[in-house]
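Reproduced below: my_file-v4.cif, with mmCIF, C-alpha atoms (C1' of nucleotides).
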```cif
data_protein
loop_
_atom_site.label_atom_id
_atom_site.label_comp_id
_atom_site.auth_asym_id
_atom_site.auth_seq_id
_atom_site.Cartn_x
_atom_site.Cartn_y
_atom_site.Cartn_z
CA MET J 7 220.94 50.33 9.60
CA THR J 8 222.60 47.04 10.42
CA ALA J 9 219.92 45.37 12.43
CA ALA J 10 222.17 44.38 15.31
CA GLN J 11 220.81 42.94 18.53
CA GLU J 12 219.18 45.52 20.76
CA PRO J 13 221.10 45.29 24.04
CA PRO J 14 218.59 45.46 26.91
CA LEU J 15 215.48 45.16 24.71
CA LYS J 16 214.02 48.37 26.05
CA GLN J 17 210.57 48.16 24.62
CA VAL J 18 207.67 50.13 25.99
CA PRO J 19 205.72 47.96 28.40
CA LEU J 20 202.46 46.73 26.99
CA THR J 21 200.67 48.18 29.99
CA GLY J 22 201.73 51.65 28.97
CA LEU J 23 200.37 51.15 25.47
CA LEU J 24 197.14 49.69 26.76
CA GLY J 25 196.80 52.61 29.12
CA ILE J 26 197.29 55.17 26.39
CA ALA J 27 194.78 53.49 24.12
CA LEU J 28 192.29 53.21 26.95
CA GLU J 29 192.73 56.79 28.01
CA ALA J 30 192.38 58.01 24.45
CA MET J 31 189.14 56.12 23.95
CA LEU J 32 187.74 57.31 27.25
CA ALA J 33 188.64 60.90 26.50
CA GLU J 34 186.84 60.59 23.20
CA PHE J 35 183.90 59.03 24.97
CA ARG J 36 183.63 61.74 27.57
CA GLY J 37 183.79 64.43 24.95
CA GLN J 38 181.04 62.83 22.92
CA LEU J 39 178.90 62.20 25.95
CA GLU J 40 179.13 65.80 27.01
CA GLN J 41 178.33 66.88 23.51
CA GLU J 42 175.18 64.77 23.64
CA GLY J 43 174.05 66.66 26.70
CA TYR J 44 175.21 64.28 29.39
CA GLY J 45 177.95 66.46 30.78
CA ASP J 46 176.98 65.58 34.33
CA ILE J 47 177.88 61.92 33.92
CA ARG J 48 181.31 61.21 35.34
CA PRO J 49 183.59 58.22 34.81
CA THR J 50 182.68 56.78 38.20
CA HIS J 51 179.08 56.46 37.15
CA GLY J 52 180.18 53.83 34.68
CA CYS J 53 180.26 51.19 37.38
CA VAL J 54 176.48 51.43 37.49
CA PHE J 55 175.62 52.21 33.87
CA ARG J 56 177.75 49.34 32.66
CA PHE J 57 175.88 46.76 34.70
CA VAL J 58 172.42 47.94 35.58
CA HIS J 59 169.71 46.35 33.48
CA GLY J 60 166.33 44.72 33.70
CA ASP J 61 163.53 45.54 36.07
CA GLY J 62 165.60 46.22 39.13
CA MET J 63 168.86 45.01 40.60
CA ARG J 64 170.13 44.89 44.12
CA LEU J 65 173.03 46.97 45.26
CA THR J 66 174.74 43.79 46.34
CA ASP J 67 174.55 42.41 42.83
CA LEU J 68 175.77 45.60 41.24
CA SER J 69 178.70 45.80 43.60
CA ALA J 70 179.64 42.20 42.91
CA LEU J 71 179.56 42.81 39.16
CA ALA J 72 181.55 45.98 39.45
CA GLY J 73 184.06 44.44 41.82
CA MET J 74 183.59 47.23 44.32
CA THR J 75 182.19 47.52 47.81
CA LYS J 76 178.51 48.05 48.40
CA GLN J 77 179.29 51.38 50.00
CA SER J 78 181.15 52.70 47.00
CA VAL J 79 178.52 51.63 44.52
CA GLY J 80 175.85 52.89 46.87
CA GLU J 81 177.36 56.32 46.77
CA VAL J 82 177.38 56.28 42.98
CA VAL J 83 173.76 55.17 42.95
CA ASP J 84 172.86 58.01 45.32
CA ASP J 85 174.48 60.43 42.98
CA LEU J 86 172.79 59.03 39.90
CA ALA J 87 169.46 59.04 41.71
CA GLU J 88 169.82 62.71 42.60
CA ARG J 89 170.49 63.41 38.95
CA GLY J 90 167.45 61.42 37.90
CA TYR J 91 169.19 58.60 36.04
CA VAL J 92 168.22 55.77 38.36
CA GLU J 93 165.64 55.18 41.03
CA ARG J 94 165.35 52.89 44.00
CA PHE J 95 162.22 51.11 45.02
CA PRO J 96 161.58 48.47 47.64
CA ASP J 97 161.98 44.86 46.63
CA PRO J 98 158.51 43.33 46.95
CA ASP J 99 160.04 39.95 47.75
CA ASP J 100 162.48 41.05 50.44
CA ARG J 101 161.79 44.01 52.63
CA ARG J 102 165.43 44.47 53.49
CA ALA J 103 166.39 45.09 49.92
CA LYS J 104 165.85 47.95 47.54
CA LEU J 105 165.95 47.49 43.82
CA ILE J 106 167.73 49.86 41.50
CA ARG J 107 166.63 50.52 37.97
CA LEU J 108 167.18 53.07 35.26
CA THR J 109 164.65 55.83 34.78
CA ALA J 110 163.55 56.73 31.27
CA LYS J 111 166.28 59.37 31.28
CA GLY J 112 168.74 56.78 32.50
CA LYS J 113 167.84 54.37 29.75
CA GLU J 114 168.39 57.06 27.16
CA ALA J 115 171.73 57.90 28.68
CA GLN J 116 172.78 54.28 28.77
CA ALA J 117 171.75 53.70 25.17
CA THR J 118 173.55 56.87 24.14
CA GLY J 119 176.67 55.74 25.95
CA PHE J 120 176.73 52.33 24.34
CA GLY J 121 176.07 53.98 21.01
CA ILE J 122 179.02 56.30 21.48
CA PHE J 123 181.28 53.38 22.32
CA ALA J 124 180.18 51.59 19.18
CA ALA J 125 180.72 54.72 17.11
CA ILE J 126 184.20 55.25 18.49
CA GLU J 127 185.14 51.67 17.78
CA GLN J 128 183.76 52.08 14.27
CA ARG J 129 185.83 55.20 13.75
CA TRP J 130 188.95 53.51 15.06
CA ALA J 131 188.27 50.57 12.79
CA GLU J 132 188.23 52.88 9.78
CA ARG J 133 191.32 54.59 11.00
CA PHE J 134 193.50 51.64 11.90
CA GLY J 135 191.97 48.88 9.79
CA PRO J 136 188.74 46.99 10.42
CA ASP J 137 190.35 43.58 10.44
CA ARG J 138 193.10 44.65 12.80
CA LEU J 139 190.56 46.09 15.19
CA ALA J 140 188.48 42.94 14.93
CA ASP J 141 191.60 40.93 15.79
CA ILE J 142 192.38 43.04 18.80
CA ARG J 143 188.79 42.79 19.99
CA ALA J 144 188.81 39.03 19.62
CA LEU J 145 192.05 38.71 21.54
CA LEU J 146 190.94 41.09 24.26
CA GLU J 147 187.67 39.22 24.64
CA GLU J 148 189.61 36.04 25.03
CA ILE J 149 191.87 37.63 27.62
CA ALA J 150 188.93 39.15 29.47
CA HIS J 151 187.16 35.83 29.44
CA ALA J 152 190.21 34.21 30.96
CA GLU J 153 190.99 36.92 33.49
CA ALA J 154 187.64 38.29 34.61
CA PRO J 155 184.77 36.21 33.29
CA GLU J 156 182.39 37.60 35.90
CA ALA J 157 182.85 41.13 34.64
CA VAL J 158 181.85 40.28 31.08
CA PRO J 159 178.83 38.03 31.37
CA GLU J 160 178.04 38.81 27.76
CA LEU J 161 181.02 36.71 26.81
CA ALA J 162 179.72 33.60 28.48
CA ARG J 163 177.85 32.48 25.40
CA PRO J 164 179.86 33.22 22.26
CA ALA J 165 181.70 31.00 19.85
CA LEU J 166 184.51 30.45 22.32
CA ALA J 167 182.12 28.49 24.50
CA HIS J 168 182.60 25.25 22.66
CA ALA J 169 186.30 25.73 22.14
CA SER J 170 187.37 24.50 25.55
CA MET Q 8 173.00 29.47 14.01
CA THR Q 9 171.31 31.59 11.40
CA ALA Q 10 173.42 34.67 11.54
CA ALA Q 11 170.55 37.14 11.67
CA GLN Q 12 171.12 40.79 12.38
CA GLU Q 13 171.80 41.50 16.03
CA PRO Q 14 169.25 44.16 17.02
CA PRO Q 15 171.01 46.70 19.25
CA LEU Q 16 174.52 45.24 18.77
CA LYS Q 17 175.13 45.01 22.50
CA GLN Q 18 178.81 44.26 22.44
CA VAL Q 19 181.06 44.92 25.37
CA PRO Q 20 182.74 48.28 24.88
CA LEU Q 21 186.36 48.01 23.90
CA THR Q 22 187.30 50.19 26.83
CA GLY Q 23 186.01 47.56 29.21
CA LEU Q 24 188.13 44.90 27.55
CA LEU Q 25 191.18 47.12 27.49
CA GLY Q 26 190.65 47.88 31.15
CA ILE Q 27 190.42 44.23 32.10
CA ALA Q 28 193.55 43.33 30.17
CA LEU Q 29 195.41 46.27 31.66
CA GLU Q 30 194.32 45.49 35.17
CA ALA Q 31 195.24 41.84 34.78
CA MET Q 32 198.73 42.69 33.56
CA LEU Q 33 199.25 45.21 36.32
CA ALA Q 34 198.08 42.78 38.97
CA GLU Q 35 200.55 40.24 37.64
CA PHE Q 36 203.23 42.91 37.63
CA ARG Q 37 202.62 43.95 41.19
CA GLY Q 38 202.66 40.38 42.39
CA GLN Q 39 205.96 39.70 40.67
CA LEU Q 40 207.49 42.93 41.86
CA GLU Q 41 206.61 42.16 45.45
CA GLN Q 42 207.98 38.69 45.04
CA GLU Q 43 211.27 40.19 43.88
CA GLY Q 44 211.48 42.16 47.10
CA TYR Q 45 210.12 45.47 45.92
CA GLY Q 46 206.91 45.34 47.88
CA ASP Q 47 207.24 48.98 48.83
CA ILE Q 48 206.91 50.17 45.25
CA ARG Q 49 203.36 51.30 44.57
CA PRO Q 50 201.61 51.93 41.25
CA THR Q 51 201.99 55.67 41.65
CA HIS Q 52 205.73 55.37 41.61
CA GLY Q 53 205.48 54.29 38.03
CA CYS Q 54 205.16 57.87 36.85
CA VAL Q 55 208.79 58.34 37.86
CA PHE Q 56 210.27 54.92 37.15
CA ARG Q 57 208.80 54.92 33.68
CA PHE Q 58 210.49 58.13 32.68
CA VAL Q 59 213.54 58.81 34.78
CA HIS Q 60 216.79 58.06 33.02
CA GLY Q 61 220.23 59.44 32.34
CA ASP Q 62 222.36 61.54 34.63
CA GLY Q 63 219.61 63.63 36.14
CA MET Q 64 216.30 65.02 35.07
CA ARG Q 65 214.34 68.01 36.21
CA LEU Q 66 211.05 67.68 37.98
CA THR Q 67 209.53 69.86 35.30
CA ASP Q 68 210.61 67.44 32.60
CA LEU Q 69 209.38 64.41 34.49
CA SER Q 70 206.02 66.00 35.11
CA ALA Q 71 205.67 66.93 31.46
CA LEU Q 72 206.46 63.37 30.39
CA ALA Q 73 204.08 61.91 32.93
CA GLY Q 74 201.34 64.35 32.08
CA MET Q 75 200.96 65.33 35.70
CA THR Q 76 201.54 68.45 37.74
CA LYS Q 77 204.93 69.23 39.21
CA GLN Q 78 203.45 68.98 42.67
CA SER Q 79 202.13 65.49 42.18
CA VAL Q 80 205.31 64.15 40.68
CA GLY Q 81 207.26 65.98 43.33
CA GLU Q 82 205.44 64.11 46.02
CA VAL Q 83 206.20 60.81 44.33
CA VAL Q 84 209.85 61.77 44.05
CA ASP Q 85 209.91 62.66 47.74
CA ASP Q 86 208.53 59.27 48.55
CA LEU Q 87 210.98 57.44 46.33
CA ALA Q 88 213.82 59.47 47.77
CA GLU Q 89 212.85 58.51 51.32
CA ARG Q 90 212.86 54.89 50.23
CA GLY Q 91 216.25 55.29 48.62
CA TYR Q 92 215.31 54.72 45.00
CA VAL Q 93 216.10 58.20 43.70
CA GLU Q 94 218.11 61.15 44.86
CA ARG Q 95 218.06 64.85 44.19
CA PHE Q 96 221.08 67.00 43.67
CA PRO Q 97 221.48 70.60 42.59
CA ASP Q 98 221.74 71.33 38.90
CA PRO Q 99 225.22 72.76 38.37
CA ASP Q 100 223.95 74.85 35.45
CA ASP Q 101 220.90 76.38 37.06
CA ARG Q 102 220.78 77.07 40.74
CA ARG Q 103 217.00 77.09 40.80
CA ALA Q 104 216.77 73.52 39.63
CA LYS Q 105 217.42 70.19 41.22
CA LEU Q 106 218.17 67.11 39.22
CA ILE Q 107 216.62 63.75 39.95
CA ARG Q 108 218.36 60.48 39.24
CA LEU Q 109 218.08 56.85 40.20
CA THR Q 110 220.31 55.50 42.93
CA ALA Q 111 221.96 52.13 42.42
CA LYS Q 112 219.02 50.58 44.22
CA GLY Q 113 216.67 52.52 41.96
CA LYS Q 114 218.41 51.33 38.84
CA GLU Q 115 218.10 47.76 39.97
CA ALA Q 116 214.44 48.26 40.70
CA GLN Q 117 213.82 49.86 37.35
CA ALA Q 118 215.63 47.11 35.50
CA THR Q 119 213.72 44.51 37.47
CA GLY Q 120 210.45 46.22 36.64
CA PHE Q 121 211.14 46.37 32.94
CA GLY Q 122 212.27 42.77 33.08
CA ILE Q 123 209.03 41.72 34.71
CA PHE Q 124 207.02 43.53 32.07
CA ALA Q 125 208.96 41.75 29.36
CA ALA Q 126 208.47 38.42 31.09
CA ILE Q 127 204.74 38.94 31.44
CA GLU Q 128 204.44 39.84 27.80
CA GLN Q 129 206.45 36.76 26.94
CA ARG Q 130 204.16 34.59 29.02
CA TRP Q 131 201.07 36.13 27.46
CA ALA Q 132 202.56 35.57 24.05
CA GLU Q 133 202.94 31.88 24.78
CA ARG Q 134 199.46 31.77 26.18
CA PHE Q 135 197.53 33.64 23.51
CA GLY Q 136 199.78 33.26 20.51
CA PRO Q 137 203.04 35.08 19.77
CA ASP Q 138 201.90 36.48 16.45
CA ARG Q 139 198.62 37.71 17.85
CA LEU Q 140 200.40 39.46 20.67
CA ALA Q 141 202.87 40.95 18.22
CA ASP Q 142 199.94 42.24 16.19
CA ILE Q 143 198.30 43.81 19.18
CA ARG Q 144 201.55 45.42 20.22
CA ALA Q 145 202.08 46.83 16.75
CA LEU Q 146 198.59 48.24 16.63
CA LEU Q 147 198.81 49.68 20.12
CA GLU Q 148 202.13 51.28 19.32
CA GLU Q 149 200.57 52.86 16.29
CA ILE Q 150 197.66 54.12 18.34
CA ALA Q 151 199.92 55.41 21.09
CA HIS Q 152 202.07 57.14 18.54
CA ALA Q 153 199.00 58.84 17.13
CA GLU Q 154 197.37 59.70 20.44
CA ALA Q 155 200.22 60.49 22.82
CA PRO Q 156 203.56 60.64 21.00
CA GLU Q 157 205.14 62.60 23.82
CA ALA Q 158 204.51 59.80 26.31
CA VAL Q 159 206.32 57.20 24.23
CA PRO Q 160 209.48 58.88 22.98
CA GLU Q 161 210.91 55.45 22.28
CA LEU Q 162 208.48 55.20 19.41
CA ALA Q 163 209.81 58.25 17.65
CA ARG Q 164 212.38 56.25 15.76
CA PRO Q 165 210.98 52.89 14.67
CA ALA Q 166 210.03 51.55 11.29
CA LEU Q 167 206.88 53.61 11.20
CA ALA Q 168 208.99 56.70 10.93
CA HIS Q 169 209.47 56.47 7.18
CA ALA Q 170 205.92 55.38 6.49
CA SER Q 171 204.40 58.83 6.62
"C1'" DA T 9 161.37 32.04 68.89
"C1'" DT T 10 165.95 32.47 68.85
"C1'" DG T 11 170.33 32.97 66.81
"C1'" DC T 12 172.66 33.72 62.65
"C1'" DC T 13 173.04 35.57 57.89
"C1'" DT T 14 172.01 39.28 54.45
"C1'" DT T 15 170.95 44.04 52.89
"C1'" DG T 16 171.88 48.48 52.98
"C1'" DT T 17 173.64 52.64 55.44
"C1'" DC T 18 176.46 55.73 58.46
"C1'" DA T 19 180.93 57.31 59.82
"C1'" DG T 20 185.55 57.88 59.20
"C1'" DG T 21 189.93 57.42 56.73
"C1'" DC T 22 193.47 57.21 53.01
"C1'" DT T 23 195.57 57.82 48.45
"C1'" DG T 24 196.34 60.18 44.46
"C1'" DT T 25 195.61 63.87 42.22
"C1'" DC T 26 194.48 68.88 41.54
"C1'" DT T 27 194.55 74.37 42.06
"C1'" DG T 28 196.38 78.47 44.09
"C1'" DA T 29 199.95 81.10 46.27
"C1'" DC T 30 204.47 81.79 46.89
"C1'" DC T 31 209.96 82.25 46.97
"C1'" DA T 32 214.37 81.97 44.84
"C1'" DG T 33 216.91 82.27 40.89
"C1'" DG T 34 217.72 83.41 35.78
"C1'" DC T 35 217.30 86.56 31.84
"C1'" DG T 36 216.34 90.32 28.62
"C1'" DA T 37 215.56 95.29 27.87
"C1'" DA T 38 215.98 99.94 29.28
"C1'" DT R 23 223.19 97.71 36.12
"C1'" DT R 24 218.71 96.92 37.60
"C1'" DC R 25 214.04 96.21 36.99
"C1'" DG R 26 210.26 93.43 35.53
"C1'" DC R 27 208.99 89.11 33.92
"C1'" DC R 28 209.64 84.10 33.29
"C1'" DT R 29 210.82 79.54 35.28
"C1'" DG R 30 211.79 75.72 38.78
"C1'" DG R 31 210.32 74.03 42.85
"C1'" DT R 32 207.62 73.88 47.23
"C1'" DC R 33 203.85 74.72 50.68
"C1'" DA R 34 199.04 74.56 51.78
"C1'" DG R 35 194.58 73.22 51.08
"C1'" DA R 36 190.94 70.77 48.62
"C1'" DC R 37 188.52 66.99 46.58
"C1'" DA R 38 187.17 62.52 44.16
"C1'" DG R 39 186.98 57.93 44.62
"C1'" DC R 40 187.70 54.30 46.91
"C1'" DC R 41 188.20 51.52 51.33
"C1'" DT R 42 187.25 49.33 56.32
"C1'" DG R 43 184.48 49.01 60.44
"C1'" DA R 44 180.19 49.16 62.86
"C1'" DC R 45 175.48 48.81 62.80
"C1'" DA R 46 170.02 48.42 62.36
"C1'" DA R 47 166.37 46.19 59.99
"C1'" DG R 48 164.75 42.25 58.06
"C1'" DG R 49 164.82 37.17 56.54
"C1'" DC R 50 165.44 32.29 57.54
"C1'" DA R 51 166.43 27.79 59.64
"C1'" DT R 52 166.64 25.08 63.47
#
```
Take the structure in this file and express it as structure tokens.
Amino acid sequence: MTAAQEPPLKQVPLTGLLGIALEAMLAEFRGQLEQEGYGDIRPTHGCVFRFVHGDGMRLTDLSALAGMTKQSVGEVVDDLAERGYVERFPDPDDRRAKLIRLTAKGKEAQATGFGIFAAIEQRWAERFGPDRLADIRALLEEIAHAEAPEAVPELARPALAHAS
Amino acid sequence: MTAAQEPPLKQVPLTGLLGIALEAMLAEFRGQLEQEGYGDIRPTHGCVFRFVHGDGMRLTDLSALAGMTKQSVGEVVDDLAERGYVERFPDPDDRRAKLIRLTAKGKEAQATGFGIFAAIEQRWAERFGPDRLADIRALLEEIAHAEAPEAVPELARPALAHAS
DNA sequence: ATGCCTTGTCAGGCTGTCTGACCAGGCGAA
DNA sequence: TTCGCCTGGTCAGACAGCCTGACAAGGCAT
């Protein structure tokens, strides 16, 4: 037990740990979501559910937020439309464009999803320590803000704002 | 600034933040790796590089560690073998099996990769605070240990061990 | 009113993974 | 021994999820 120097410092890369934590949370999420009756929602659909809001958004905007091509997001939107979660309607201000919005069913699903995420985080907080989880969230928000501010517009306004 | 109750508590899901952090680290990793001359190593190859060690491992063992099918890992091994990073040789103890081990080139690549991961973590530590990063690592290790102990065998022996 | 930009779609392709079927070799029980 | 079953690895085929390229319809500025 003599704490000698570890020779090559073979620690598990942080990416591996992040990946495991992420995967575990997502697995929990998918299970819960299915249990709530949304078994037909797949991970890919997240790129729309995460960002769609308001009275109608353009595909172009969604794809920019999601960091994916219009074609890819368009396919997801098609799929969600077939399943009745979103609907397209013509943009009254621009006849080229179509707007995408959640249906009533879609809004329920989105709310359920966000609720599940909150519940999981709550459970993890109880399990691993509320303050530790708050710390990790704060740090991750800071990292996200630094690395991909466009993907987390919600972070544009918090306390950090006046820190720079 | 009256801290009233937030109505639907619309916080960004932790998974999103974890994903951004993970992606950012991996992007940094890939950039560095290419810069070190290993531009032909793709993310998929990680499922082998992460786990292969010693004097030869079976495909079955690698696939179990990686949590993937034998076929998928086999394809990756084929690819790495063509590129000269690993080699197969018959298991002297079991004529059905072949053992997989790193070539000299593969060992260099693996060491370089682990080094880059360590360097990135070091840089992030300086950037976001060494103690905060240590905290997040400790928490993530705990989570990983709880959620996927088989994927992080290195964690089987640390200080946590006598805590239970 | 003409030429360029934007919006969305169609078509095709690639990567990474999976399932199913199979052969060759090992191993235990009759 | 030898027969039936298990195990290690491979072949073949499929599919999800993403991409790039090409395009038609519509807006917009000179």
Can you state the RMSD, in Å, between chain J and chain Q once they are superposed by least squares on every Cα paired in order?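 C-alpha RMSD after optimal superposition stands at 0.3 Å.
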Produce a table with one row for each residue of chain R that has an atom at most 8 Å from any atom of chain Q, each row naming the nearest atom pair and its distance in Å at one decimal; use all atoms listed in the file; arrange rows by chain and rising residue number; format as a tab-separated table.
```
residue	atom	partner	partner_atom	distance
R:DG30	C1'	Q:Ala104	CA	5.5
R:DG31	C1'	Q:Ala104	CA	7.2
R:DT32	C1'	Q:Gln78	CA	7.9
```
Residues of the last selection are to be written out with C-alpha atoms (C1' of nucleotides), as an mmCIF file, in the frame of the given file.
```
data_model
loop_
_atom_site.group_PDB
_atom_site.id
_atom_site.type_symbol
_atom_site.label_atom_id
_atom_site.label_comp_id
_atom_site.auth_asym_id
_atom_site.auth_seq_id
_atom_site.Cartn_x
_atom_site.Cartn_y
_atom_site.Cartn_z
ATOM 1 C "C1'" DG R 30 211.790 75.720 38.780
ATOM 2 C "C1'" DG R 31 210.320 74.030 42.850
ATOM 3 C "C1'" DT R 32 207.620 73.880 47.230
#
```
Once you count all atoms listed in the file, what closest atom pair and distance in Å to one decimal does each residue of chain Q within 10 Å of chain J have, with rows by chain and rising residue number, as a Markdown table?
```
| residue | atom | partner | partner_atom | distance |
| --- | --- | --- | --- | --- |
| Q:Pro15 | CA | J:Gly121 | CA | 9.0 |
| Q:Leu16 | CA | J:Ala124 | CA | 8.5 |
| Q:Lys17 | CA | J:Phe120 | CA | 7.7 |
| Q:Gln18 | CA | J:Glu160 | CA | 7.7 |
| Q:Val19 | CA | J:Glu160 | CA | 7.2 |
| Q:Pro20 | CA | J:Phe123 | CA | 5.9 |
| Q:Leu21 | CA | J:Arg143 | CA | 7.0 |
| Q:Thr22 | CA | J:Leu28 | CA | 5.8 |
| Q:Gly23 | CA | J:Val158 | CA | 8.6 |
| Q:Leu24 | CA | J:Leu146 | CA | 5.8 |
| Q:Leu25 | CA | J:Leu28 | CA | 6.2 |
| Q:Gly26 | CA | J:Leu28 | CA | 7.0 |
| Q:Ile27 | CA | J:Ala150 | CA | 5.9 |
| Q:Ala28 | CA | J:Ala150 | CA | 6.3 |
| Q:Leu29 | CA | J:Thr21 | CA | 5.8 |
| Q:Glu30 | CA | J:Thr21 | CA | 8.6 |
| Q:Ala31 | CA | J:Glu153 | CA | 6.6 |
| Q:Met32 | CA | J:Thr21 | CA | 6.8 |
| Q:Leu33 | CA | J:Thr21 | CA | 7.1 |
| Q:Phe36 | CA | J:Thr21 | CA | 9.6 |
| Q:Arg57 | CA | J:Gly22 | CA | 9.1 |
| Q:Ala118 | CA | J:Pro14 | CA | 9.2 |
| Q:Gly120 | CA | J:Pro19 | CA | 9.7 |
| Q:Phe121 | CA | J:Pro19 | CA | 7.2 |
| Q:Gly122 | CA | J:Lys16 | CA | 9.2 |
| Q:Ile123 | CA | J:Pro19 | CA | 9.5 |
| Q:Phe124 | CA | J:Pro19 | CA | 5.9 |
| Q:Ala125 | CA | J:Pro19 | CA | 7.1 |
| Q:Ile127 | CA | J:Leu20 | CA | 9.3 |
| Q:Glu128 | CA | J:Leu20 | CA | 7.2 |
| Q:Trp131 | CA | J:Ile149 | CA | 9.3 |
| Q:Arg134 | CA | J:Ile149 | CA | 9.7 |
| Q:Phe135 | CA | J:Leu145 | CA | 7.7 |
| Q:Gly136 | CA | J:Leu145 | CA | 9.5 |
| Q:Arg139 | CA | J:Leu145 | CA | 7.6 |
| Q:Leu140 | CA | J:Leu145 | CA | 8.4 |
| Q:Asp142 | CA | J:Arg138 | CA | 8.0 |
| Q:Ile143 | CA | J:Ile142 | CA | 6.0 |
| Q:Arg144 | CA | J:Leu20 | CA | 7.0 |
| Q:Ala145 | CA | J:Leu23 | CA | 9.9 |
| Q:Leu146 | CA | J:Arg138 | CA | 7.6 |
| Q:Leu147 | CA | J:Leu23 | CA | 5.8 |
| Q:Glu148 | CA | J:Leu23 | CA | 6.4 |
| Q:Glu149 | CA | J:Phe134 | CA | 8.4 |
| Q:Ile150 | CA | J:Ala27 | CA | 6.5 |
| Q:Ala151 | CA | J:Ile26 | CA | 5.9 |
| Q:His152 | CA | J:Leu23 | CA | 9.3 |
| Q:Ala153 | CA | J:Ala27 | CA | 9.8 |
| Q:Glu154 | CA | J:Ala30 | CA | 6.6 |
| Q:Ala155 | CA | J:Ile26 | CA | 7.0 |
| Q:Pro156 | CA | J:Ile26 | CA | 9.9 |
| Q:Ala158 | CA | J:Ile26 | CA | 8.6 |
| Q:Val159 | CA | J:Val18 | CA | 7.4 |
| Q:Pro160 | CA | J:Val18 | CA | 9.4 |
| Q:Glu161 | CA | J:Val18 | CA | 7.3 |
| Q:Leu162 | CA | J:Val18 | CA | 8.3 |
```
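Residues from chain T found within 9 Å of chain J are DT14, DT15, DG16 and DT17 of chain T, counting all atoms listed in the file.
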Ranking Q:Phe96, Q:Glu82, Q:Glu157, Q:Ala126 by minimum distance to R:DC33 and counting all atoms listed in the file, which one comes first?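 Comparing Q:Phe96, Q:Glu82, Q:Glu157, Q:Ala126 against R:DC33, the winner is Q:Glu82.
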Please provide the set of residues having any atom within 12 Å of R:DA51, restricted to all atoms listed in the file, with same-chain residues fewer than 6 positions apart removed, written as a VMD selection string. chain T and resid 9 to 13
d(atom CA of J:Arg129, atom CA of J:Gln41) in Å: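 Atom-to-atom, atom CA of J:Arg129 and atom CA of J:Gln41 are spaced 17.0 Å apart.
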When the PyMOL selection byres ((chain T and resi 37) around 12) is applied to the structure above, which residues does it catch, written out as a VMD selection string? (chain T and resid 35 to 36 38) or (chain R and resid 23 to 27)
Would you save the residues of that selection, restricted to C-alpha atoms (C1' of nucleotides), as a PDB file, in the coordinates of the input?
```
ATOM      1  C1'  DC T  35     217.300  86.560  31.840  1.00  0.00           C
ATOM      2  C1'  DG T  36     216.340  90.320  28.620  1.00  0.00           C
ATOM      3  C1'  DA T  38     215.980  99.940  29.280  1.00  0.00           C
TER       4       DA T  38
ATOM      5  C1'  DT R  23     223.190  97.710  36.120  1.00  0.00           C
ATOM      6  C1'  DT R  24     218.710  96.920  37.600  1.00  0.00           C
ATOM      7  C1'  DC R  25     214.040  96.210  36.990  1.00  0.00           C
ATOM      8  C1'  DG R  26     210.260  93.430  35.530  1.00  0.00           C
ATOM      9  C1'  DC R  27     208.990  89.110  33.920  1.00  0.00           C
TER      10       DC R  27
END
```
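With atom CA of J:Phe55 on one side and atom CA of J:Gly43 on the other, the separation reads 16.2 Å.
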Selection in question (the file shown): the PyMOL selection byres ((chain J and resi 58) around 8). Which residues does it include, as an MDAnalysis selection string? chainID J and resid 54:57 59:60 62:63 68 106:108
Quick one, how far is atom CA of J:Gln38 from atom CA of Q:Met75?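 Atom-to-atom, atom CA of J:Gln38 and atom CA of Q:Met75 are spaced 23.8 Å apart.
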Taking 3 positions as the minimum chain separation for residues in the same chain, which residues sit within 12 Å of R:DG43 when counting only C-alpha atoms (C1' of nucleotides)? Answer as a JSON list (two decimals) with C-alpha atoms (C1' of nucleotides), in the coordinates of the input.
```json
[["chain", "number", "residue", "atom", "x", "y", "z"],
["J", 77, "GLN", "CA", 179.29, 51.38, 50.00],
["T", 18, "DC", "C1'", 176.46, 55.73, 58.46],
["T", 19, "DA", "C1'", 180.93, 57.31, 59.82],
["T", 20, "DG", "C1'", 185.55, 57.88, 59.20],
["T", 21, "DG", "C1'", 189.93, 57.42, 56.73]]
```
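With distances restricted to only C-alpha atoms, J:Glu93 is the closest residue to J:Thr109 from J:Asp67, J:Glu42, J:Glu93, J:Asp61.
Those residues that approach T:DT23 to within 10 Å, counting only C-alpha atoms (C1' of nucleotides), are Thr51 of chain Q; DG39 and DC40 of chain R; same-chain residues fewer than 4 positions away are not listed.
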With all atoms of stretch 24-37 of chain Q from the file as input, state the centre and edge lengths in Å to one decimal of the axis-aligned box that has 4 Å extra on each side, as lines of an AutoDock Vina configuration file.
```
center_x = 195.7
center_y = 44.1
center_z = 34.3
size_x = 23.1
size_y = 15.6
size_z = 21.7
```
At a cut-off of 10 Å from (193.6, 67.0, 41.3) in the coordinates of the file, what residues are picked up using only C-alpha atoms (C1' of nucleotides), written as a count of residues only? 10
